[in-house]
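Chemist: One structure, as structure tokens, below. Some questions next.
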Amino acid sequence: MTESSHDENIELITYSEVVDVKGFVGNFDVTIRRKPRYVDLAKCTGCGLCTEKCPARVPSEWNLGMGMRKAIYKPFGQAVPNVPVIDKEHCIFFTKGKCKACQKLCPAGAVDFEQEEELVTKKFGAIIVATGFTQFDPSAYGEYGAGKFKDVITGLHLERMLDTSGPTEGHVVRPSDHKEPKNIVFIQCVGSRDESKGRPYCSRICCMYTAKQAILLKDHFPETQSYIFYIDIRAGGKNYEEFVKKAQREYGAIYIRGRVSKIYEKGDKLVVRGVDTLAGKQVEVEADLVVLATAVVPQPDAIELAKILNIPYDQYGFYSEAHPKLQPVESVTKGIFLTGSCQFPKDIPDSVATTGAASIRACEILSKDELILDPKIACVNSDICSGCLNCVEVCPFNAIEPREVDGRVVAQVTPTLCHGCGNCASACRTGAANVEGFTDDQIYAQVASVFEILKKENLLELSE
């Protein structure tokens with residue numbers, strides 16, 4: 001990230017969101033809402049004095065509430081740009097009208113409480129969507145006690161604990177009493193492969209990061225014992241199966257094939273009740289800590305962004321590609337490409353591979369002075385167009401728009417957006433809309449030619 005921030009060919013537009021996209025491949029007009037961070041990017045030196053002196057403290061989103069942050073903060077140490085943002089909802093000046101400690105102490109005079117939101121429009125030749133994913137809310141499983149028992153956490157919570165720059169500086173502790181856990185139970189597929197929760201798909205990454213976490217726990221805390229409840233182990237990658245076997249054989253992780261039916265408290269322990277389908281019996285494990293491998297789900301605003309970009313999405317909210325095999329990183333809107341887990345759950349190697357593919361496809365567009373289009377696109381004869389605009393309503397690609405000609409409204413096709421599907425031609429009442437190469441006259445001529453050939457070959461009666 002730091003390298004990209006210093007590249008003269010890369011402009012980072014941070015703390016912003018896309019609110020509108022117009023145009024077409026090679027000529028997109030993107031409207032961006034720049035949120036006020038109340039710190040001048042040009043003046044701030046990143047010294048951190050403002051954060052150090054800020055008196056307001058709130059739970060840290062980056063550490064999932066396991067640590068605290070200030071009202072003026074950076075999400076994490078390596079955040080780009082190296083400039084903090086003021087949380088307006090918790091800043092004492094914005095909530096009570098007093099304080100301004102950060103502004104008074106800033107040696108560069110970078111704090112500006114008068115900053116306002118602004119809309120900017122920029123032109124782009126191609127768009128790559130890489131909005132990622134978020135994790136499933138495990139509170140939907142009441143039997144697991146997420147949100148009820150402090151010592152039931154998610155894999156992401158454990159990941160933050162294992163990080164030396166995390167809230168516990170690399171030490172894994174129980175949230176309830178901050179003691180080091182001895183027995184840890186992992187539960188796989190929390191939200192994944194469960195039709196009752198509307199997520200029948202596999203999240204693909206859970207089996208591997210759980211094995212990784214079991215290895216790290218044993219490596220750093222030798223007395224720890226890991227129990228992993230799973231449905232199936234899906235280790236479908238290079239050396240993935242070997243990695244899972246390593247967690248079992250070398251690090252003593254105990255894998256139990258079966259679902260967990262209930263978790264309840266027993267003293268300061270958590271009792272995990274489930275079934276071992278291989279042994280054919282019920283099992284109970286007393287645990288100090290329970291870790292839930294939650295499902296990969298789309299970002300909360302994924303569908304809203306899809307509508308802005310005019311790209312389709314599936315029943316779960318993941319973005320749909322133009323073709324799963326032949327065009328795996330292209331959307332149906334020309335010039336807009338997909339990469340990473342906004343498309344479907346992917347691990348790091350898959351995300352890196354699709355990012356490279358999407359970048360190359362975008363470069364193919366940007367490296368040419370002219371675009372070569374398929375000639376089989378729709379056209380509208382403005383002389384006989386009635387201006388009903390039925391074609392505008394049925395076009396799935398927003399390729400048709402109204403325009404005024406000689407004082408009347410008619411339909412106009414944008415060639416770079418048209419896919420030649422023919423919806424407009426079938427909906428046109430006057431016959432003004434046609435697909436090049438597939439007009440009514442051409443189709444009738446083809447049919448007539450076929451009949452002429454059948455007659456000459458004396459095959460007409462046979463075909464009937």
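Residues in the structure tokens are numbered from 1 in each chain, the chains being A, B, ... in the order shown, and ligands are numbered from 1 in the order shown.
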Write out as a ChimeraX atom specification each polymer residue whose atoms come within 10 Å of A:Arg403, counting only C-alpha atoms; drop sequence neighbours fewer than 6 positions from it.

Modeler: /A:382,387,409-413

Chemist: Restrict the selected residues to C-alpha atoms and save them as a PDB file, in the first residue's frame.

Modeler:
ATOM      1  CA  SER A 382     -35.322   7.820 -36.048  1.00  0.00           C
ATOM      2  CA  GLY A 387     -40.796   7.791 -29.107  1.00  0.00           C
ATOM      3  CA  VAL A 409     -38.152  12.443 -28.730  1.00  0.00           C
ATOM      4  CA  VAL A 410     -36.690   9.284 -30.245  1.00  0.00           C
ATOM      5  CA  ALA A 411     -34.511   6.408 -28.991  1.00  0.00           C
ATOM      6  CA  GLN A 412     -30.756   6.354 -29.535  1.00  0.00           C
ATOM      7  CA  VAL A 413     -28.373   3.404 -29.101  1.00  0.00           C
TER       8      VAL A 413
END

Chemist: Quick one: DSSP helix (DSSP H, G or I) residues in stretch 24-267 of chain A, as a ChimeraX atom specification?

Modeler: /A:49-53,92-96,101-105,138-140,142-144,155-162,195-197,206-220,240-249

Chemist: Kindly assemble as JSON lines a list of the stretch 97-167 of chain A residues that lie within 9 Å of stretch 268-284 of chain A, each paired with its nearest atom pair and their distance in Å to one decimal, using only C-alpha atoms, sorted first by chain and then by ascending residue number.

Modeler:
{"residue": "A:Tyr144", "atom": "CA", "partner": "A:Val272", "partner_atom": "CA", "distance": 8.6}
{"residue": "A:Phe149", "atom": "CA", "partner": "A:Leu270", "partner_atom": "CA", "distance": 8.6}
{"residue": "A:Asp151", "atom": "CA", "partner": "A:Leu270", "partner_atom": "CA", "distance": 7.9}
{"residue": "A:Val152", "atom": "CA", "partner": "A:Leu270", "partner_atom": "CA", "distance": 8.7}

Chemist: Between stretch 142-217 of chain A and stretch 56-62 of chain A, at 12 Å or less, what are the per-residue closest atom pairs and their distances in Å? Count only C-alpha atoms, order by chain and rising residue number, and return it as a Markdown table.

Modeler:
| residue | atom | partner | partner_atom | distance |
| --- | --- | --- | --- | --- |
| A:Leu156 | CA | A:Trp62 | CA | 10.3 |
| A:His157 | CA | A:Trp62 | CA | 10.0 |
| A:Glu159 | CA | A:Trp62 | CA | 11.4 |
| A:Arg160 | CA | A:Trp62 | CA | 8.6 |
| A:Met161 | CA | A:Trp62 | CA | 11.7 |
| A:Ser165 | CA | A:Trp62 | CA | 11.3 |
| A:Gly166 | CA | A:Trp62 | CA | 9.1 |
| A:Pro167 | CA | A:Ser60 | CA | 9.3 |

Chemist: Between A:Ser226, A:Ser203, A:Gln135, A:Thr416, single out the one closest to A:Val290, counting only C-alpha atoms.

Modeler: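 So, comparing all the options, the nearest one is A:Ser226.
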
Chemist: Can you check which residues of stretch 255-353 of chain A DSSP gives as strand (DSSP E or B) on the backbone and send them as number ranges by chain?

Modeler: A: 255-257, 260-266, 269-276, 281-287, 289-294, 296-298, 313, 319, 323, 327, 330, 336-338

Chemist: Let's have the selection written as an mmCIF file, in the first residue's frame, with C-alpha atoms.

Modeler:
data_model
loop_
_atom_site.group_PDB
_atom_site.id
_atom_site.type_symbol
_atom_site.label_atom_id
_atom_site.label_comp_id
_atom_site.auth_asym_id
_atom_site.auth_seq_id
_atom_site.Cartn_x
_atom_site.Cartn_y
_atom_site.Cartn_z
ATOM 1 C CA TYR A 255 -10.833 -33.158 14.214
ATOM 2 C CA ILE A 256 -14.401 -34.250 15.032
ATOM 3 C CA ARG A 257 -16.718 -34.783 12.074
ATOM 4 C CA VAL A 260 -22.465 -28.781 17.347
ATOM 5 C CA SER A 261 -25.982 -28.750 18.785
ATOM 6 C CA LYS A 262 -25.505 -26.625 21.883
ATOM 7 C CA ILE A 263 -23.019 -24.602 23.919
ATOM 8 C CA TYR A 264 -23.664 -23.864 27.591
ATOM 9 C CA GLU A 265 -21.718 -22.561 30.560
ATOM 10 C CA LYS A 266 -20.440 -24.789 33.335
ATOM 11 C CA LYS A 269 -15.936 -23.269 31.227
ATOM 12 C CA LEU A 270 -18.015 -23.653 28.099
ATOM 13 C CA VAL A 271 -19.387 -27.107 27.337
ATOM 14 C CA VAL A 272 -19.664 -27.833 23.623
ATOM 15 C CA ARG A 273 -22.151 -30.584 22.879
ATOM 16 C CA GLY A 274 -22.130 -32.183 19.440
ATOM 17 C CA VAL A 275 -22.009 -35.437 17.557
ATOM 18 C CA ASP A 276 -19.125 -37.427 16.113
ATOM 19 C CA LYS A 281 -21.896 -41.064 19.289
ATOM 20 C CA GLN A 282 -22.555 -37.787 21.057
ATOM 21 C CA VAL A 283 -19.567 -35.906 22.440
ATOM 22 C CA GLU A 284 -19.059 -33.106 24.926
ATOM 23 C CA VAL A 285 -15.911 -31.013 25.150
ATOM 24 C CA GLU A 286 -15.152 -28.589 27.975
ATOM 25 C CA ALA A 287 -13.596 -25.531 26.395
ATOM 26 C CA LEU A 289 -12.565 -20.624 24.331
ATOM 27 C CA VAL A 290 -14.845 -21.308 21.336
ATOM 28 C CA VAL A 291 -13.943 -19.967 17.893
ATOM 29 C CA LEU A 292 -16.577 -19.766 15.138
ATOM 30 C CA ALA A 293 -15.507 -19.962 11.484
ATOM 31 C CA THR A 294 -18.105 -17.573 10.088
ATOM 32 C CA VAL A 296 -17.995 -15.125 3.791
ATOM 33 C CA VAL A 297 -20.829 -12.781 2.801
ATOM 34 C CA PRO A 298 -20.998 -9.733 0.481
ATOM 35 C CA TYR A 313 -25.598 -9.951 -8.805
ATOM 36 C CA TYR A 319 -21.467 -9.866 -8.372
ATOM 37 C CA HIS A 323 -19.338 -15.984 -18.343
ATOM 38 C CA GLN A 327 -15.065 -14.316 -19.159
ATOM 39 C CA GLU A 330 -15.594 -9.421 -16.862
ATOM 40 C CA ILE A 336 -16.184 -3.037 -15.778
ATOM 41 C CA PHE A 337 -14.207 -5.946 -14.326
ATOM 42 C CA LEU A 338 -14.531 -8.018 -11.154
#

Chemist: Counting only C-alpha atoms, which of A:Glu404, A:Asp7, A:Val120, A:His178 gets nearest to A:Asp20?

Modeler: A:Val120

Chemist: Could you tell me how far atom CA of A:Lys307 lies from atom CA of A:Thr31, in Å and to one decimal?

Modeler: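 The value is 14.2 Å.
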
Chemist: Taking into account only C-alpha atoms, which residue in the set A:Gly48, A:Pro175, A:Gly437, A:Gly407 is nearest to A:Ala378?

Modeler: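 Of A:Gly48, A:Pro175, A:Gly437, A:Gly407, the one nearest A:Ala378, counting only C-alpha atoms, is A:Gly437.
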
Chemist: Using only C-alpha atoms, which residues sit within 10 Å of A:Tyr201 once same-chain residues fewer than 6 positions away are excluded, as a ChimeraX atom specification?

Modeler: /A:189,191-195,295-296,316,344-345

Chemist: Quick one: write out the picked residues with N, CA and C atoms as a compact mmCIF listing (two decimals), in the first residue's frame?

Modeler:
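What follows is the written file out33.txt:
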# COMPACT_ATOMS: atom_id res chain seq x y z
N CYS A 189 -18.04 -23.88 9.39
CA CYS A 189 -19.27 -23.69 8.61
C CYS A 189 -20.38 -23.00 9.39
N GLY A 191 -22.75 -20.52 9.25
CA GLY A 191 -23.36 -19.68 8.21
C GLY A 191 -23.12 -20.20 6.81
N SER A 192 -22.10 -21.03 6.63
CA SER A 192 -21.81 -21.63 5.32
C SER A 192 -22.50 -23.00 5.23
N ARG A 193 -22.80 -23.41 4.00
CA ARG A 193 -23.38 -24.73 3.73
C ARG A 193 -24.61 -24.99 4.60
N ASP A 194 -25.41 -23.96 4.78
CA ASP A 194 -26.60 -24.08 5.62
C ASP A 194 -27.77 -23.39 4.92
N GLU A 195 -28.63 -24.17 4.30
CA GLU A 195 -29.75 -23.61 3.57
C GLU A 195 -30.74 -22.90 4.49
N ALA A 295 -19.17 -17.48 7.93
CA ALA A 295 -19.24 -17.50 6.47
C ALA A 295 -18.77 -16.18 5.85
N VAL A 296 -18.32 -16.30 4.62
CA VAL A 296 -17.99 -15.13 3.79
C VAL A 296 -19.29 -14.63 3.16
N TYR A 316 -27.32 -14.12 -3.47
CA TYR A 316 -26.66 -13.85 -2.19
C TYR A 316 -26.09 -12.43 -2.12
N PHE A 344 -17.33 -14.01 -5.52
CA PHE A 344 -17.69 -15.19 -4.73
C PHE A 344 -16.52 -15.45 -3.78
N PRO A 345 -16.70 -16.27 -2.75
CA PRO A 345 -15.61 -16.46 -1.78
C PRO A 345 -14.32 -16.97 -2.44

Chemist: With only C-alpha atoms as the atoms that count, which of A:Leu217, A:Ile32, A:Ala362, A:Ile377 lies nearest to A:Glu117?

Modeler: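 Ranked by minimum distance to A:Glu117, first place goes to A:Ile32.
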
Chemist: Closest to A:Ala211 among A:Lys456, A:Lys246, A:Lys238, A:Lys122, using only C-alpha atoms?

Modeler: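 Of all the options, A:Lys246 lies closest to A:Ala211.
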
Chemist: Which distance in Å separates atom CA of A:Pro300 and atom CA of A:Thr121, to one decimal?

Modeler: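 Those two atoms sit 24.4 Å apart.
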
Chemist: Extract, using only C-alpha atoms, all DNA, RNA and protein residues at most 12 Å from A:Ile308, discarding same-chain residues fewer than 4 positions from it, and format them as a PDB file with N, CA and C atoms, in the first residue's frame.

Modeler:
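Written output follows (out-v3.pdb):
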ATOM      1  N   GLU A  17     -16.562   7.454  -1.491  1.00  0.00           N
ATOM      2  CA  GLU A  17     -17.407   6.403  -2.033  1.00  0.00           C
ATOM      3  C   GLU A  17     -17.991   6.836  -3.364  1.00  0.00           C
ATOM      4  N   VAL A  18     -18.239   5.856  -4.230  1.00  0.00           N
ATOM      5  CA  VAL A  18     -18.808   6.109  -5.547  1.00  0.00           C
ATOM      6  C   VAL A  18     -20.316   6.276  -5.405  1.00  0.00           C
ATOM      7  N   VAL A  19     -20.851   7.362  -5.963  1.00  0.00           N
ATOM      8  CA  VAL A  19     -22.292   7.614  -5.848  1.00  0.00           C
ATOM      9  C   VAL A  19     -23.002   7.546  -7.199  1.00  0.00           C
ATOM     10  N   ASP A  20     -22.239   7.635  -8.306  1.00  0.00           N
ATOM     11  CA  ASP A  20     -22.891   7.569  -9.620  1.00  0.00           C
ATOM     12  C   ASP A  20     -21.854   7.232 -10.681  1.00  0.00           C
ATOM     13  N   VAL A  21     -22.269   6.442 -11.664  1.00  0.00           N
ATOM     14  CA  VAL A  21     -21.415   6.102 -12.809  1.00  0.00           C
ATOM     15  C   VAL A  21     -22.232   6.260 -14.074  1.00  0.00           C
ATOM     16  N   LYS A  22     -21.745   7.083 -14.981  1.00  0.00           N
ATOM     17  CA  LYS A  22     -22.389   7.266 -16.275  1.00  0.00           C
ATOM     18  C   LYS A  22     -21.360   7.033 -17.373  1.00  0.00           C
ATOM     19  N   GLY A  23     -21.835   6.918 -18.613  1.00  0.00           N
ATOM     20  CA  GLY A  23     -20.922   6.723 -19.737  1.00  0.00           C
ATOM     21  C   GLY A  23     -20.767   5.263 -20.099  1.00  0.00           C
ATOM     22  N   ASP A  29     -17.858   8.436 -16.619  1.00  0.00           N
ATOM     23  CA  ASP A  29     -17.889   9.608 -15.742  1.00  0.00           C
ATOM     24  C   ASP A  29     -18.327   9.129 -14.366  1.00  0.00           C
ATOM     25  N   VAL A  30     -17.396   9.155 -13.416  1.00  0.00           N
ATOM     26  CA  VAL A  30     -17.655   8.616 -12.078  1.00  0.00           C
ATOM     27  C   VAL A  30     -17.742   9.762 -11.075  1.00  0.00           C
ATOM     28  N   THR A  31     -18.885   9.836 -10.389  1.00  0.00           N
ATOM     29  CA  THR A  31     -19.073  10.844  -9.349  1.00  0.00           C
ATOM     30  C   THR A  31     -18.711  10.225  -8.000  1.00  0.00           C
ATOM     31  N   ILE A  32     -17.815  10.903  -7.284  1.00  0.00           N
ATOM     32  CA  ILE A  32     -17.264  10.383  -6.029  1.00  0.00           C
ATOM     33  C   ILE A  32     -17.594  11.352  -4.901  1.00  0.00           C
ATOM     34  N   VAL A 129     -13.797  -3.658  -9.965  1.00  0.00           N
ATOM     35  CA  VAL A 129     -14.529  -3.729  -8.699  1.00  0.00           C
ATOM     36  C   VAL A 129     -13.838  -4.736  -7.787  1.00  0.00           C
ATOM     37  N   ASP A 301     -23.386  -2.970   1.419  1.00  0.00           N
ATOM     38  CA  ASP A 301     -23.821  -2.071   0.346  1.00  0.00           C
ATOM     39  C   ASP A 301     -23.515  -2.619  -1.041  1.00  0.00           C
ATOM     40  N   ALA A 302     -23.289  -3.926  -1.145  1.00  0.00           N
ATOM     41  CA  ALA A 302     -22.906  -4.524  -2.427  1.00  0.00           C
ATOM     42  C   ALA A 302     -23.990  -4.341  -3.489  1.00  0.00           C
ATOM     43  N   ILE A 303     -25.241  -4.547  -3.116  1.00  0.00           N
ATOM     44  CA  ILE A 303     -26.329  -4.446  -4.092  1.00  0.00           C
ATOM     45  C   ILE A 303     -26.526  -2.999  -4.524  1.00  0.00           C
ATOM     46  N   GLU A 304     -26.395  -2.076  -3.587  1.00  0.00           N
ATOM     47  CA  GLU A 304     -26.513  -0.646  -3.930  1.00  0.00           C
ATOM     48  C   GLU A 304     -25.453  -0.245  -4.948  1.00  0.00           C
ATOM     49  N   PRO A 312     -24.946  -7.153 -12.776  1.00  0.00           N
ATOM     50  CA  PRO A 312     -25.855  -8.077 -12.092  1.00  0.00           C
ATOM     51  C   PRO A 312     -25.213  -8.718 -10.860  1.00  0.00           C
ATOM     52  N   THR A 333     -21.338  -5.453 -18.217  1.00  0.00           N
ATOM     53  CA  THR A 333     -21.136  -4.076 -18.670  1.00  0.00           C
ATOM     54  C   THR A 333     -19.703  -3.935 -19.157  1.00  0.00           C
ATOM     55  N   ILE A 336     -16.132  -2.858 -17.234  1.00  0.00           N
ATOM     56  CA  ILE A 336     -16.184  -3.037 -15.778  1.00  0.00           C
ATOM     57  C   ILE A 336     -15.799  -4.476 -15.457  1.00  0.00           C
ATOM     58  N   ASN A 398     -28.646  -0.755 -20.365  1.00  0.00           N
ATOM     59  CA  ASN A 398     -28.759   0.717 -20.393  1.00  0.00           C
ATOM     60  C   ASN A 398     -28.092   1.312 -21.623  1.00  0.00           C
TER      61      ASN A 398
END

Chemist: What does the distance between atom CA of A:Tyr15 and atom CA of A:Arg33 come to in Å, to one decimal place?

Modeler: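 For atom CA of A:Tyr15 relative to atom CA of A:Arg33, the distance reads 8.8 Å.
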
Chemist: Go through A:Cys395, A:Gly356, A:Ala130, A:Gly237 and flag the residue nearest A:Leu305, using only C-alpha atoms for the distances.

Modeler: A:Ala130

Chemist: Do you know which residues are at most 10 Å from A:Val173 counting only C-alpha atoms, after dropping those on the same chain fewer than 6 positions away, and could you put them as a compact mmCIF listing (two decimals) with N, CA and C atoms, in the first residue's frame?

Modeler:
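Once everything was written out, this is out.txt:
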# COMPACT_ATOMS: atom_id res chain seq x y z
N ASP A 151 -16.78 -15.72 25.89
CA ASP A 151 -15.68 -16.55 25.39
C ASP A 151 -16.03 -17.31 24.11
N LEU A 158 -9.86 -14.05 16.83
CA LEU A 158 -8.64 -14.79 17.17
C LEU A 158 -7.47 -14.31 16.32
N MET A 161 -6.07 -11.29 17.86
CA MET A 161 -5.29 -11.61 19.06
C MET A 161 -3.91 -12.13 18.70
N LEU A 162 -3.83 -12.96 17.66
CA LEU A 162 -2.56 -13.57 17.28
C LEU A 162 -1.60 -12.55 16.67
N LYS A 179 -7.50 -14.71 30.90
CA LYS A 179 -6.59 -15.82 31.19
C LYS A 179 -6.28 -16.57 29.90
N GLU A 180 -5.14 -17.24 29.89
CA GLU A 180 -4.74 -17.99 28.70
C GLU A 180 -5.57 -19.28 28.60
N PRO A 181 -6.24 -19.51 27.46
CA PRO A 181 -7.07 -20.72 27.33
C PRO A 181 -6.21 -21.96 27.10
N LYS A 182 -6.68 -23.08 27.62
CA LYS A 182 -5.98 -24.36 27.41
C LYS A 182 -6.68 -25.21 26.34
N ASP A 288 -12.24 -23.68 27.08
CA ASP A 288 -11.98 -22.36 27.65
C ASP A 288 -12.35 -21.27 26.67
N LEU A 289 -12.29 -21.61 25.38
CA LEU A 289 -12.56 -20.62 24.33
C LEU A 289 -13.18 -21.34 23.14

Chemist: Leaving out A:Glu370 and any residue of its chain fewer than 4 positions from it, which residues lie within 10 Å of it when counting only C-alpha atoms, given as a list in words?

Modeler: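 Once the nearby chain positions are removed, what remains is Gly26, Ile365 and Leu366 of chain A.
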
Chemist: Based on the selection just made, write N, CA and C atoms of those residues as an mmCIF file, in the first residue's frame.

Modeler:
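Heads up, here's the output in part.cif:
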data_model
loop_
_atom_site.group_PDB
_atom_site.id
_atom_site.type_symbol
_atom_site.label_atom_id
_atom_site.label_comp_id
_atom_site.auth_asym_id
_atom_site.auth_seq_id
_atom_site.Cartn_x
_atom_site.Cartn_y
_atom_site.Cartn_z
ATOM 1 N N GLY A 26 -14.238 3.063 -21.834
ATOM 2 C CA GLY A 26 -13.314 4.059 -22.364
ATOM 3 C C GLY A 26 -13.692 5.476 -22.018
ATOM 4 N N ILE A 365 -7.870 -2.357 -22.894
ATOM 5 C CA ILE A 365 -8.740 -1.256 -23.311
ATOM 6 C C ILE A 365 -7.967 0.059 -23.340
ATOM 7 N N LEU A 366 -7.226 0.332 -22.287
ATOM 8 C CA LEU A 366 -6.565 1.627 -22.147
ATOM 9 C C LEU A 366 -5.379 1.799 -23.091
#
